[in-house]
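The block underneath contains the structure these notes are about, expressed in C-alpha cells.
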Amino acid sequence: MNNEGYQKYYVPDQSPWPLVGAIALFFIALGAGFYVIDMSKDQSGWGGYILLLGIAILFVMLYGWFKNVVDESMSGLYSAQMDRSFKQGMSWFIVSEIMFFAALIGALLYARFIAVPWLGGASNNEMTGAILWPNFEAVWPLLTTPGGTETQAMGWGLPLINTMILITSSITLHFAHTAIEQNKRGQLTGMLLVTLILGVIFLGLQGYEYILAYRDLGLRLDSGIYGNTFFILTGFHGMHVLLGALILFFVLLRVLKGHFTAEKHFAFQAGAWYWHFVDVVWVIVFCLVYVF
Amino acid sequence: MSTVTTADHHDAHHDHKPTGIKRWLFTTNHKDIGSLYLLFALAMFFLGGAMAMVIRLELFQPGMQFVEPQFFNQMTTMHGLIMVFGAVMPAFTGLANWMIPMMIGAPDMALPRMNNWSFWILPFAFLILIISMFLPGGGPDFGWTFYAPLSTTYSNDSTALFVFAIHIMGISSIMGAINVIVTIVNMRAPGMTWMKLPLFVWTWLITAFLLIMVMPVLAGLVTMVLTDKYFATSFFDAAGGGDPVLFQHIFWFFGHPEVYIMILPAFGIISAIVPTFARKKLFGYASMVYATASIAILSFLVWAHHMFTTGMPVYATLFFMYTTMLIAVPTGVKVFNWVATMWRGAMTFEVPMMFALAFIVLFTIGGLSGVMLAIAPVDFQYHDTYFVVAHFHYVLVSGAVFSLVAAAYYWLPKWTGHMYDEKLGQLHFWCSVISVNLLFFPMHFVGLAGMPRRIPDYALQFADFNAFISVGGFLFGLSQLIFVWVLVKCIRGGEKAPAKPWEGAEGLEWEVPSPAPYHTFDTPPQVK
C-alpha cells in the first residue's frame, strides 16, 4: 500500500456517548447489585429503580451513538480501512463471547464427567461416597442430588423443533446475505423478516419450555447441578438470541430506509455473524444439555 | 455535498485542542485517553498501596494491634483487586493507548469512541467496589481469588456489588483489548511489516489476545458465584452435585493467563529501553517474538499449578508441573537476550535504564522462585505461605510496576515536552530498589519457615522478620511519593526535551516533536 489513493482514516470528534454509556453501566451494575442483595433478604429497596434508570440511559446512549455512526457512514466518511476495523472488532467480540460460553460449557462437562462421578466414589474418592452420601447414585442427568433434591429430566422433543427452527433461520439469513450482495432488496427484506420471525418463535418455545420445566418437571434453578447447567446455558443462549434478534430488527429498519449497498453493509454483516454464532452455540448446547 | 462540509469541518478543528473538562470527558484522542488511564492507575496504585500499609502496620508486631481480622481480610482482598485491575492493567492499557498508534504510525486507535468508553467505565467499577466496603457487614473479604465457598456460602451481603464491579472491569478490558488488536492489525503504516514492529507492540498484541480469551471466562465465573450465592444454584456446592474445586479450575484458567497479561507488556517495555541505553540493536528480535507467543500459549496449559494442594490425580499434577517448568525456557530466552543486548554496549545509566536493570535482576529472582513453586512435592510446603507472597510480589512489584515506572521515565519527555529531574529520579530509583528488597526478600525466609499468608497474626518466631518487612514496606510506600514529585515537576516545566531525548532510541515515536502534537501521523509515514 502506498500513500496515493489513501483515504484518510476517520477519527471522530469528541462524543458524549461513551461517558453516558459509562454512567448507564454504573447505574445498571449498582442497581442490579442492590436489587439482588435486597431480594436475598426479602426486603424491598430502590435497587430495581436504579437498574431500570440505567437501562433507560443505556438505550438513550445506544440510540445516540448508533445515530452518529449511521450518519457518518451514510455521508461517506468511512474508508475501506475503517470498514475493516469494524469487521475485525466484531470478530474479536464474537471470540470473547465464545470464551464466555466455553466457561459455562466447561462447568457442565466438569460437573458431568468429574464432579458427579467423584461424589459417587470414582477415582480415589471411595470414602466420599461411602461415608458422606452412601445412598448417592452418580448418574447423568443427575435427578437426585447428594443432598436429596429431586427433579425430572427435560426431554429433547421440543428442543429438537427449536434446533430446526434456528438452523432454518441461519439459512434464511444466508439467503438475505446473498440478496444484499446482488442488490435484490425485496428478497433481502423478506428473508430478514422470516429470520426474525423464526427467532421470535424460538424464544417463545424456549419460554414455554421453561414453564414446563418449572410447572411439570420440578426442574428449577435450585434443583442441583443438572438444573443449574441447564438453565445457565439455555438462559444465556436465549439472551444472546434476544440480542441477535434486536440487532437484526434494527438492521431490518435500516434496510427499509434504503440503507446498505451491495459492497458496504457492515451492520448487516455484523448482525449476521452474530446470528450464525448464536446458532452454532445452540447446536452445541442442544447436544450437550439435551441429547447426550 | 454533506461529505465535503463534514470533512472540512473536521480539518478546521484539526490541531485545535478542546479545552476544559469536556476535553477529558468526551475525548476520542488516544493521547488524552492514555493520560487518563495512566493517572487513574497512579491514583489506584496509591489507594491499593495505602491498604498494603494497613496490612503491614497490623503485621508489624505479633498479636492483634490495630484492625479487626475481618477488616484485615477486606484489606488483603481489596489491595489485590485494586492493584491487579485498577493499577497494573490500566497502566499498561494507558501506555498502549499513548504509544501504540505512534509506534506504528497510525492517526489514532482504531475505534476511538469505544476507547473512551473502555476508560470511563473503569472509575465507576471501582466506585462500586469501594461503595461495597461501606455496606453493613463490610466489603469483599474472601481474597482477590474469591474461592468458593468463601465467596458464596460464607461471604457477606456486598458480594453482588463485587460481582457486577468485576463484570464492568471485564467489559473494559475486553473492549480495550479489541481496540489494541484491531489497531495493530489494521492500522500499521505502509512498510511497517510484522517483523518490524517494536516489541512493545508485539507483546501488547499477544496480551490483548490473552485478555479476549480469559476475561469472558472470569465473567462466567463471577456469574456462577452470583447465582450460587443469591439464586440457590450449586455449581460450587457438593450437596447439589457441584464442586468447589470446579471454581478453582475456572478461576485459574482465567488467573494464570491474567498474570502474563500483567507481565508481557513489561517485557515489551524492557525490550525498548535496554537497546536504547546500551546503544545496540536488541539481540534476538525474532526469538523475542516467538518467546512471547510461546509464553502466551503455555499460559493456557498450566493453571492447575495453583491447585497442587487442592488435590487432583497424580498424572494431572505431573502434567501441570512439567508444563509450568517449560515456561522457564522462553522466559530464559528473554532474559538472555536482554543481557546479550547489553554485552559490549556503550551503556549509560539514566533512570529508565536503572529501573530496567533492576527489573531484569529482580524479575529473574521472582521467576526462579516460580520454578521452585512449580515443583509439586515441595509446593506442598510452600503453598499459601509468605514464600508465595514473596514470589508474586517480586514479579509484580519489582517486575510489572518497575517496568511501568521505567516506561514513565522513558517516555515522559515525549508526553510532557520536558526532561524529568534526573537527580530526583535517581533518588527515587535507589530508595525504591533498596526498600523493595527489604520488603519482599525476607518474606522468602518466613514463608519457608511456614508463616501462612492472609492471616492477621503470626507465631512469635516470625516477629523480627516481620518488623523488618513492615519497615521496608513503609519505606517503599514513601519512596513512591518522590515519583509523584518528579511527575508534577516534569509536567509543570523543566528542561525542554528534543524530539529524541535518548541518543540510542529507535522508533517512530521519536520522529514526532516533544511534546507529541495532539494529532500525529494523520497521513501514515512510509517505513523503510
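Just so we're on the same page: first chain in the C-alpha cells is A, next is B, and so on; residues restart at 1 for each chain, and ligands are numbered from 1 in the order they show up.
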Spatial neighbours of A:Lys8, max dist 8 Å, only C-alpha atoms, sep filter under 5 positions, as a ChimeraX atom specification | /A:79 /B:522-523
Based on the selection just made, write N, CA and C atoms of those residues as a PDB file, in the first residue's frame.
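Below is the file that was written, part14.pdb:
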```
ATOM      1  N   SER A  79     -13.794   4.944   5.341  1.00  0.00           N
ATOM      2  CA  SER A  79     -12.989   4.344   4.281  1.00  0.00           C
ATOM      3  C   SER A  79     -13.091   2.830   4.359  1.00  0.00           C
TER       4      SER A  79
ATOM      5  N   ASP B 522      -1.460  11.809  10.795  1.00  0.00           N
ATOM      6  CA  ASP B 522      -2.741  11.857  10.102  1.00  0.00           C
ATOM      7  C   ASP B 522      -2.638  11.180   8.755  1.00  0.00           C
ATOM      8  N   THR B 523      -1.509  11.400   8.084  1.00  0.00           N
ATOM      9  CA  THR B 523      -1.193  10.625   6.897  1.00  0.00           C
ATOM     10  C   THR B 523      -0.054   9.708   7.315  1.00  0.00           C
TER      11      THR B 523
END
```
Residue hits in chain B, query chain A, radius 7 Å, only C-alpha atoms, as an NGL selection string = :B and (2-3 or 25-28 or 110 or 112-114 or 116-117 or 120-121 or 124-125 or 128 or 157 or 160-161 or 164-165 or 178 or 182 or 186 or 190 or 212-213 or 216-217 or 220 or 230 or 232-235 or 239-243)
May I have the residues from that selection written out with C-alpha atoms, as a short mmCIF file (atom, residue, chain, number, x, y, z; two decimals), in the first residue's frame?
```
data_model
loop_
_atom_site.label_atom_id
_atom_site.label_comp_id
_atom_site.auth_asym_id
_atom_site.auth_seq_id
_atom_site.Cartn_x
_atom_site.Cartn_y
_atom_site.Cartn_z
CA SER B 2 -22.51 16.89 3.11
CA THR B 3 -19.41 14.73 2.93
CA LEU B 25 -14.90 13.57 29.48
CA PHE B 26 -15.78 13.42 25.78
CA THR B 27 -12.36 12.78 24.29
CA THR B 28 -11.65 10.46 21.40
CA ALA B 110 -8.96 2.06 15.52
CA PRO B 112 -11.70 5.97 19.28
CA ARG B 113 -15.13 6.35 20.86
CA MET B 114 -15.15 2.82 22.20
CA ASN B 116 -13.14 6.38 25.68
CA TRP B 117 -15.93 4.11 26.86
CA TRP B 120 -14.69 5.78 31.67
CA ILE B 121 -16.42 2.63 32.88
CA PHE B 124 -17.27 3.65 38.03
CA ALA B 125 -16.43 -0.02 38.53
CA ILE B 128 -18.94 0.33 43.12
CA ASP B 157 -24.04 -9.13 51.56
CA ALA B 160 -23.36 -8.88 44.44
CA LEU B 161 -21.67 -5.49 44.10
CA PHE B 164 -21.05 -6.56 38.99
CA ALA B 165 -17.93 -4.44 39.51
CA ILE B 178 -10.22 -5.41 20.90
CA VAL B 182 -7.61 -4.01 15.58
CA ASN B 186 -5.35 -2.82 10.58
CA PRO B 190 2.80 1.23 4.91
CA ILE B 212 -10.04 -11.54 24.97
CA MET B 213 -9.62 -15.24 25.71
CA PRO B 216 -15.05 -13.69 29.49
CA VAL B 217 -14.15 -16.80 31.49
CA GLY B 220 -18.78 -16.60 33.51
CA TYR B 230 -28.29 -15.49 45.58
CA ALA B 232 -29.71 -21.21 45.12
CA THR B 233 -27.70 -22.90 42.37
CA SER B 234 -24.99 -25.33 43.41
CA PHE B 235 -22.18 -25.08 40.88
CA ALA B 239 -24.57 -31.25 48.16
CA GLY B 240 -26.14 -30.21 44.86
CA GLY B 241 -23.75 -32.22 42.70
CA GLY B 242 -21.32 -29.35 42.08
CA ASP B 243 -17.78 -28.98 43.30
#
```
Using only C-alpha atoms, the shortest atom-to-atom distance to B:Glu422 among B:Ala50, B:Leu368, B:Val395, B:Val351 belongs to B:Val351
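Atom pair atom CA of B:Gln74 / atom CA of B:Gly48 has a distance of 11.6 Å (rounded to one decimal).
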Write out as a count of residues only each polymer residue whose atoms come within 10 Å of B:Met169, counting only C-alpha atoms; drop sequence neighbours fewer than 4 positions from it.
-> 17
For A:Thr195, list every protein, DNA or RNA residue within 9 Å, evaluated using only C-alpha atoms, and leave out those in the same chain fewer than 6 positions away; present the list as a list in words.
->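 The filter keeps Leu166, Thr168, Ser169, Ser170, Ile171, Thr172, Leu173, Ala176, Ala245 and Leu248 of chain A.
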Atoms to include: N, CA and C atoms. Write the selected residues as a tab-separated table (two decimals), in the first residue's frame.
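Heads up, here's the output in part35.tsv:
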```
chain	number	residue	atom	x	y	z
A	166	LEU	N	-33.93	-22.79	14.47
A	166	LEU	CA	-32.77	-21.90	14.49
A	166	LEU	C	-31.87	-22.16	13.27
A	168	THR	N	-32.87	-23.31	10.38
A	168	THR	CA	-33.57	-22.72	9.24
A	168	THR	C	-33.35	-21.21	9.20
A	169	SER	N	-33.37	-20.59	10.37
A	169	SER	CA	-33.21	-19.13	10.39
A	169	SER	C	-31.82	-18.73	9.92
A	170	SER	N	-30.83	-19.57	10.23
A	170	SER	CA	-29.48	-19.27	9.73
A	170	SER	C	-29.45	-19.35	8.21
A	171	ILE	N	-30.19	-20.34	7.66
A	171	ILE	CA	-30.21	-20.49	6.20
A	171	ILE	C	-30.92	-19.30	5.56
A	172	THR	N	-32.08	-18.91	6.13
A	172	THR	CA	-32.78	-17.77	5.53
A	172	THR	C	-31.93	-16.51	5.62
A	173	LEU	N	-31.18	-16.37	6.73
A	173	LEU	CA	-30.32	-15.20	6.86
A	173	LEU	C	-29.21	-15.23	5.80
A	176	ALA	N	-30.63	-13.92	2.76
A	176	ALA	CA	-30.69	-12.46	2.84
A	176	ALA	C	-29.34	-11.86	2.49
A	245	ALA	N	-31.59	-10.92	17.78
A	245	ALA	CA	-32.83	-10.53	17.14
A	245	ALA	C	-32.99	-9.01	17.14
A	248	LEU	N	-30.82	-7.63	14.44
A	248	LEU	CA	-31.40	-7.86	13.11
A	248	LEU	C	-32.64	-6.98	12.90
```
DSSP helix (DSSP H, G or I) selection over stretch 139-277 of chain A, as JSON, numbers by chain = {"A": [157, 158, 159, 160, 161, 162, 163, 164, 165, 166, 167, 168, 169, 170, 171, 172, 173, 174, 175, 176, 177, 178, 179, 180, 181, 185, 186, 187, 188, 189, 190, 191, 192, 193, 194, 195, 196, 197, 198, 199, 200, 201, 202, 203, 204, 205, 206, 207, 208, 209, 210, 211, 212, 213, 214, 215, 216, 217, 224, 225, 226, 227, 228, 229, 230, 231, 232, 233, 234, 235, 236, 237, 238, 239, 240, 241, 242, 243, 244, 245, 246, 247, 248, 249, 250, 251, 252, 253, 254, 255, 256, 266, 267, 268, 269, 270, 271, 272, 273, 274, 275, 276, 277]}
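The two atoms in question, atom CA of B:Ala189 and atom CA of B:Phe521, are spaced 8.9 Å apart.
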What is the atom CA of A:Gly48 to atom CA of B:Val163 distance in Å?
->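 If I compute the distance from atom CA of A:Gly48 to atom CA of B:Val163, I get 16.7 Å.
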